[in-house]
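Okay, entry.pdb now, which holds PDB, C-alpha atoms, pLDDT in the B column:
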ATOM      1  CA  MET D   1      25.145  -5.869 -38.765  1.00 44.00           C
ATOM      2  CA  THR D   2      25.281  -5.227 -35.035  1.00 68.00           C
ATOM      3  CA  SER D   3      25.734  -1.693 -33.914  1.00 82.00           C
ATOM      4  CA  ARG D   4      28.545  -0.310 -31.817  1.00 84.00           C
ATOM      5  CA  ALA D   5      26.118   0.177 -28.930  1.00 83.00           C
ATOM      6  CA  ASP D   6      25.120  -3.503 -29.029  1.00 87.00           C
ATOM      7  CA  LYS D   7      28.740  -4.634 -29.060  1.00 90.00           C
ATOM      8  CA  LEU D   8      29.593  -2.334 -26.164  1.00 89.00           C
ATOM      9  CA  SER D   9      26.655  -3.581 -24.118  1.00 90.00           C
ATOM     10  CA  ARG D  10      27.857  -7.168 -24.605  1.00 92.00           C
ATOM     11  CA  ILE D  11      31.365  -6.148 -23.553  1.00 92.00           C
ATOM     12  CA  VAL D  12      29.971  -4.433 -20.452  1.00 93.00           C
ATOM     13  CA  SER D  13      28.036  -7.554 -19.476  1.00 94.00           C
ATOM     14  CA  LEU D  14      31.151  -9.719 -19.877  1.00 95.00           C
ATOM     15  CA  VAL D  15      33.287  -7.343 -17.826  1.00 94.00           C
ATOM     16  CA  LYS D  16      30.591  -7.327 -15.133  1.00 95.00           C
ATOM     17  CA  LEU D  17      30.751 -11.127 -15.035  1.00 96.00           C
ATOM     18  CA  GLN D  18      34.525 -10.947 -14.650  1.00 95.00           C
ATOM     19  CA  LEU D  19      34.045  -8.472 -11.806  1.00 95.00           C
ATOM     20  CA  ARG D  20      31.592 -10.809 -10.067  1.00 96.00           C
ATOM     21  CA  LEU D  21      34.104 -13.664 -10.388  1.00 96.00           C
ATOM     22  CA  SER D  22      36.869 -11.513  -8.915  1.00 95.00           C
ATOM     23  CA  GLU D  23      34.617 -10.471  -6.033  1.00 96.00           C
ATOM     24  CA  TRP D  24      33.777 -14.124  -5.383  1.00 97.00           C
ATOM     25  CA  GLN D  25      37.483 -15.033  -5.387  1.00 96.00           C
ATOM     26  CA  LEU D  26      38.161 -12.220  -2.920  1.00 96.00           C
ATOM     27  CA  ALA D  27      35.392 -13.481  -0.638  1.00 96.00           C
ATOM     28  CA  GLN D  28      36.893 -16.995  -0.780  1.00 96.00           C
ATOM     29  CA  MET D  29      40.306 -15.623   0.171  1.00 95.00           C
ATOM     30  CA  ARG D  30      38.817 -13.698   3.074  1.00 95.00           C
ATOM     31  CA  GLN D  31      37.109 -16.870   4.322  1.00 96.00           C
ATOM     32  CA  GLU D  32      40.390 -18.762   4.051  1.00 95.00           C
ATOM     33  CA  GLU D  33      42.164 -15.981   5.926  1.00 94.00           C
ATOM     34  CA  GLN D  34      39.515 -16.051   8.670  1.00 95.00           C
ATOM     35  CA  ALA D  35      39.826 -19.821   9.006  1.00 95.00           C
ATOM     36  CA  MET D  36      43.600 -19.534   9.412  1.00 93.00           C
ATOM     37  CA  GLN D  37      43.218 -16.792  12.014  1.00 93.00           C
ATOM     38  CA  ASP D  38      40.747 -18.959  13.922  1.00 94.00           C
ATOM     39  CA  GLU D  39      43.206 -21.859  13.801  1.00 92.00           C
ATOM     40  CA  GLN D  40      45.993 -19.574  15.019  1.00 91.00           C
ATOM     41  CA  ALA D  41      43.863 -18.441  17.940  1.00 91.00           C
ATOM     42  CA  TRP D  42      43.071 -22.055  18.843  1.00 88.00           C
ATOM     43  CA  LEU D  43      46.735 -23.067  18.616  1.00 86.00           C
ATOM     44  CA  VAL D  44      47.873 -20.143  20.766  1.00 86.00           C
ATOM     45  CA  GLY D  45      45.189 -20.982  23.317  1.00 86.00           C
ATOM     46  CA  THR D  46      46.318 -24.608  23.336  1.00 82.00           C
ATOM     47  CA  LEU D  47      49.956 -23.600  23.884  1.00 81.00           C
ATOM     48  CA  ASN D  48      48.991 -21.182  26.677  1.00 83.00           C
ATOM     49  CA  GLU D  49      46.973 -23.827  28.506  1.00 81.00           C
ATOM     50  CA  GLY D  50      49.981 -26.116  28.588  1.00 74.00           C
ATOM     51  CA  LYS D  51      47.788 -29.138  27.851  1.00 73.00           C
ATOM     52  CA  ALA D  52      48.536 -30.425  24.366  1.00 69.00           C
ATOM     53  CA  PRO D  53      45.813 -32.451  22.660  1.00 71.00           C
ATOM     54  CA  ALA D  54      46.353 -36.198  22.548  1.00 69.00           C
ATOM     55  CA  GLY D  55      49.104 -37.128  20.107  1.00 69.00           C
ATOM     56  CA  SER D  56      50.531 -33.604  19.915  1.00 76.00           C
ATOM     57  CA  SER D  57      53.468 -32.016  21.609  1.00 79.00           C
ATOM     58  CA  SER D  58      54.022 -28.344  22.214  1.00 78.00           C
ATOM     59  CA  ASP D  59      56.757 -28.422  19.555  1.00 83.00           C
ATOM     60  CA  SER D  60      54.404 -29.822  16.916  1.00 85.00           C
ATOM     61  CA  ILE D  61      51.769 -27.239  17.849  1.00 82.00           C
ATOM     62  CA  ALA D  62      54.401 -24.478  17.576  1.00 84.00           C
ATOM     63  CA  ARG D  63      55.430 -25.731  14.109  1.00 89.00           C
ATOM     64  CA  ARG D  64      51.783 -25.876  13.068  1.00 89.00           C
ATOM     65  CA  LEU D  65      51.251 -22.339  14.373  1.00 89.00           C
ATOM     66  CA  ASN D  66      54.276 -21.165  12.391  1.00 92.00           C
ATOM     67  CA  ARG D  67      52.962 -22.771   9.174  1.00 93.00           C
ATOM     68  CA  THR D  68      49.530 -21.301   9.770  1.00 93.00           C
ATOM     69  CA  SER D  69      50.873 -17.788  10.334  1.00 92.00           C
ATOM     70  CA  VAL D  70      53.016 -18.001   7.173  1.00 93.00           C
ATOM     71  CA  GLY D  71      49.996 -19.234   5.229  1.00 93.00           C
ATOM     72  CA  ALA D  72      47.818 -16.461   6.661  1.00 93.00           C
ATOM     73  CA  ARG D  73      50.325 -13.812   5.558  1.00 93.00           C
ATOM     74  CA  ALA D  74      50.409 -15.308   2.054  1.00 95.00           C
ATOM     75  CA  VAL D  75      46.613 -15.295   1.878  1.00 95.00           C
ATOM     76  CA  GLN D  76      46.541 -11.687   3.100  1.00 94.00           C
ATOM     77  CA  GLU D  77      48.954 -10.663   0.333  1.00 95.00           C
ATOM     78  CA  ARG D  78      46.901 -12.477  -2.320  1.00 95.00           C
ATOM     79  CA  ALA D  79      43.712 -10.923  -0.944  1.00 95.00           C
ATOM     80  CA  ALA D  80      45.273  -7.448  -1.130  1.00 96.00           C
ATOM     81  CA  MET D  81      46.233  -8.031  -4.772  1.00 96.00           C
ATOM     82  CA  GLN D  82      42.748  -9.388  -5.495  1.00 95.00           C
ATOM     83  CA  LEU D  83      41.185  -6.321  -3.862  1.00 96.00           C
ATOM     84  CA  ASP D  84      43.279  -4.083  -6.142  1.00 96.00           C
ATOM     85  CA  LYS D  85      42.088  -6.152  -9.108  1.00 95.00           C
ATOM     86  CA  VAL D  86      38.444  -5.789  -8.028  1.00 96.00           C
ATOM     87  CA  ARG D  87      38.843  -2.025  -7.678  1.00 96.00           C
ATOM     88  CA  SER D  88      40.422  -1.656 -11.121  1.00 95.00           C
ATOM     89  CA  GLU D  89      37.738  -3.848 -12.700  1.00 95.00           C
ATOM     90  CA  THR D  90      35.057  -1.752 -11.001  1.00 95.00           C
ATOM     91  CA  ARG D  91      36.564   1.402 -12.525  1.00 96.00           C
ATOM     92  CA  ARG D  92      36.738  -0.335 -15.913  1.00 94.00           C
ATOM     93  CA  VAL D  93      33.071  -1.351 -15.709  1.00 95.00           C
ATOM     94  CA  LYS D  94      32.043   2.216 -14.903  1.00 95.00           C
ATOM     95  CA  GLN D  95      34.076   3.588 -17.812  1.00 95.00           C
ATOM     96  CA  LEU D  96      32.673   1.025 -20.234  1.00 93.00           C
ATOM     97  CA  GLU D  97      29.131   1.715 -19.034  1.00 93.00           C
ATOM     98  CA  ASP D  98      29.640   5.410 -19.748  1.00 94.00           C
ATOM     99  CA  VAL D  99      30.956   4.661 -23.236  1.00 92.00           C
ATOM    100  CA  ALA D 100      28.067   2.254 -23.878  1.00 91.00           C
ATOM    101  CA  LYS D 101      25.527   4.852 -22.721  1.00 91.00           C
ATOM    102  CA  ALA D 102      27.035   7.434 -25.065  1.00 91.00           C
ATOM    103  CA  ALA D 103      26.985   4.964 -27.968  1.00 89.00           C
ATOM    104  CA  LEU D 104      23.361   4.078 -27.243  1.00 88.00           C
ATOM    105  CA  ALA D 105      22.444   7.766 -27.134  1.00 90.00           C
ATOM    106  CA  ASP D 106      24.169   8.241 -30.502  1.00 88.00           C
ATOM    107  CA  LYS D 107      22.282   5.257 -31.903  1.00 88.00           C
ATOM    108  CA  LEU D 108      18.952   6.641 -30.676  1.00 88.00           C
ATOM    109  CA  ARG D 109      19.746  10.113 -32.052  1.00 90.00           C
ATOM    110  CA  ASP D 110      20.605   8.617 -35.431  1.00 88.00           C
ATOM    111  CA  ALA D 111      17.386   6.592 -35.463  1.00 86.00           C
ATOM    112  CA  GLU D 112      15.364   9.675 -34.573  1.00 89.00           C
ATOM    113  CA  LYS D 113      17.159  11.691 -37.239  1.00 87.00           C
ATOM    114  CA  ARG D 114      16.412   9.033 -39.885  1.00 85.00           C
ATOM    115  CA  SER D 115      12.798   8.899 -38.763  1.00 86.00           C
ATOM    116  CA  LEU D 116      12.461  12.664 -39.057  1.00 84.00           C
ATOM    117  CA  GLU D 117      14.136  12.632 -42.456  1.00 82.00           C
ATOM    118  CA  ASP D 118      11.707   9.937 -43.608  1.00 82.00           C
ATOM    119  CA  MET D 119       8.752  11.973 -42.388  1.00 78.00           C
ATOM    120  CA  VAL D 120      10.015  15.175 -43.975  1.00 78.00           C
ATOM    121  CA  GLY D 121      10.788  13.303 -47.193  1.00 74.00           C
ATOM    122  CA  THR D 122       7.274  11.855 -47.262  1.00 66.00           C
ATOM    123  CA  HIS D 123       5.705  15.236 -46.685  1.00 62.00           C
ATOM    124  CA  ALA D 124       7.886  16.850 -49.334  1.00 60.00           C
ATOM    125  CA  ALA D 125       6.929  14.172 -51.856  1.00 60.00           C
ATOM    126  CA  ALA D 126       3.226  14.647 -51.031  1.00 59.00           C
ATOM    127  CA  ARG D 127       3.594  18.396 -51.412  1.00 61.00           C
ATOM    128  CA  ASP D 128       5.138  17.944 -54.850  1.00 61.00           C
ATOM    129  CA  LEU D 129       2.170  15.820 -55.977  1.00 63.00           C
ATOM    130  CA  THR D 130      -0.535  18.303 -55.014  1.00 63.00           C
ATOM    131  CA  PRO D 131      -1.573  20.751 -57.727  1.00 64.00           C
ATOM    132  CA  ARG D 132      -0.623  24.328 -57.115  1.00 66.00           C
ATOM    133  CA  PRO D 133      -3.043  27.152 -57.661  1.00 67.00           C
ATOM    134  CA  ALA D 134      -2.568  28.973 -60.950  1.00 66.00           C
ATOM    135  CA  ARG D 135      -0.668  32.220 -60.764  1.00 68.00           C
ATOM    136  CA  ARG D 136      -2.357  35.300 -61.988  1.00 67.00           C
ATOM    137  CA  THR D 137      -0.320  38.012 -63.430  1.00 69.00           C
ATOM    138  CA  LYS D 138      -1.680  41.488 -63.332  1.00 65.00           C
ATOM    139  CA  THR D 139      -1.150  43.616 -66.327  1.00 60.00           C
TER     140      THR D 139
END
Can you turn what I pasted into structure tokens?
Amino acid sequence: MTSRADKLSRIVSLVKLQLRLSEWQLAQMRQEEQAMQDEQAWLVGTLNEGKAPAGSSSDSIARRLNRTSVGARAVQERAAMQLDKVRSETRRVKQLEDVAKAALADKLRDAEKRSLEDMVGTHAAARDLTPRPARRTKT
């Protein structure tokens, strides 16, 4: 039968994996946000120059800039929610690690207690087997 400490350590490792996944997702969102901001900067620069790239008009660039800015805001909102999720998972990992450490300490204390009881029991049994000196009564 697995001990409580073993189960908690497995839970902690799984929650840490979930945290790593959430951090990776947040990093992906930040990269997406950066790419959209770079595209916005390029589009604004293109509109300010007054020279539209071949096959594009200033109206199409303006529409594209509008879509990009809306998309960037959406990504920012999702990234903010993901950051909150990462923070809460980090707190959860720390709490679970503390509980797991306490359970492991309890497990080690119990093992040490059993070991001491076994040693004391062995010594007590050996003491019972040794002959005792005869008592002399003075009269």
(message) For a quick check of understanding, using all atoms listed in the file, which of D:Ser58, D:Gln18, D:Ser69, D:Ser13 has the smallest distance to Gln40 in chain D?
(response) D:Ser69
(message) What's the separation between CA of Leu108 in chain D and CA of Leu14 in chain D, in Å to one decimal place?
(response)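 Pair CA of Leu108 in chain D / CA of Leu14 in chain D returns 23.1 Å.
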(message) For this structure, which residues satisfy the selection - the PyMOL selection byres ((chain D and resi 64-67) around 12) - when it is evaluated on the file as given? I want them as a list of chain:residue names.
(response) D:Met36, D:Gln37, D:Asp38, D:Glu39, D:Gln40, D:Ala41, D:Trp42, D:Leu43, D:Val44, D:Gly45, D:Thr46, D:Leu47, D:Ser56, D:Ser57, D:Ser58, D:Asp59, D:Ser60, D:Ile61, D:Ala62, D:Arg63, D:Thr68, D:Ser69, D:Val70, D:Gly71, D:Ala72, D:Arg73, D:Ala74
Please produce a file of the residues just selected, as a PDB file, in the coordinates of the input, where the atoms kept are C-alpha atoms.
ATOM      1  CA  MET D  36      43.600 -19.534   9.412  1.00 93.00           C
ATOM      2  CA  GLN D  37      43.218 -16.792  12.014  1.00 93.00           C
ATOM      3  CA  ASP D  38      40.747 -18.959  13.922  1.00 94.00           C
ATOM      4  CA  GLU D  39      43.206 -21.859  13.801  1.00 92.00           C
ATOM      5  CA  GLN D  40      45.993 -19.574  15.019  1.00 91.00           C
ATOM      6  CA  ALA D  41      43.863 -18.441  17.940  1.00 91.00           C
ATOM      7  CA  TRP D  42      43.071 -22.055  18.843  1.00 88.00           C
ATOM      8  CA  LEU D  43      46.735 -23.067  18.616  1.00 86.00           C
ATOM      9  CA  VAL D  44      47.873 -20.143  20.766  1.00 86.00           C
ATOM     10  CA  GLY D  45      45.189 -20.982  23.317  1.00 86.00           C
ATOM     11  CA  THR D  46      46.318 -24.608  23.336  1.00 82.00           C
ATOM     12  CA  LEU D  47      49.956 -23.600  23.884  1.00 81.00           C
ATOM     13  CA  SER D  56      50.531 -33.604  19.915  1.00 76.00           C
ATOM     14  CA  SER D  57      53.468 -32.016  21.609  1.00 79.00           C
ATOM     15  CA  SER D  58      54.022 -28.344  22.214  1.00 78.00           C
ATOM     16  CA  ASP D  59      56.757 -28.422  19.555  1.00 83.00           C
ATOM     17  CA  SER D  60      54.404 -29.822  16.916  1.00 85.00           C
ATOM     18  CA  ILE D  61      51.769 -27.239  17.849  1.00 82.00           C
ATOM     19  CA  ALA D  62      54.401 -24.478  17.576  1.00 84.00           C
ATOM     20  CA  ARG D  63      55.430 -25.731  14.109  1.00 89.00           C
ATOM     21  CA  THR D  68      49.530 -21.301   9.770  1.00 93.00           C
ATOM     22  CA  SER D  69      50.873 -17.788  10.334  1.00 92.00           C
ATOM     23  CA  VAL D  70      53.016 -18.001   7.173  1.00 93.00           C
ATOM     24  CA  GLY D  71      49.996 -19.234   5.229  1.00 93.00           C
ATOM     25  CA  ALA D  72      47.818 -16.461   6.661  1.00 93.00           C
ATOM     26  CA  ARG D  73      50.325 -13.812   5.558  1.00 93.00           C
ATOM     27  CA  ALA D  74      50.409 -15.308   2.054  1.00 95.00           C
TER      28      ALA D  74
END
(request) Find the residues near Ser3 in chain D: any atom within 12 Å, counting all atoms listed in the file, skip ones fewer than 2 places away on the same chain, and give them as a list in words. (result)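 Counting only the stated atoms, we get Met1, Ala5, Asp6, Lys7, Leu8, Ser9, Arg10, Ala100, Ala103, Leu104, Asp106, Lys107, Leu108, Asp110 and Ala111 of chain D.
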(message) Please compute the CA of Ala102 in chain D-CA of Met119 in chain D distance, one decimal, in Å.
(response) 25.6 Å
(request) Identify all residues satisfying the PyMOL selection byres ((chain D and resi 19-31) around 8) in the given file; provide them as an MDAnalysis selection string. (result) chainID D and resid 15:18 32:35 75:76 78:79 82:83 85:86 89:90
(request) Take CA of Gln95 in chain D and CA of Arg4 in chain D and report the distance between them in Å, one decimal. (result) 15.6 Å
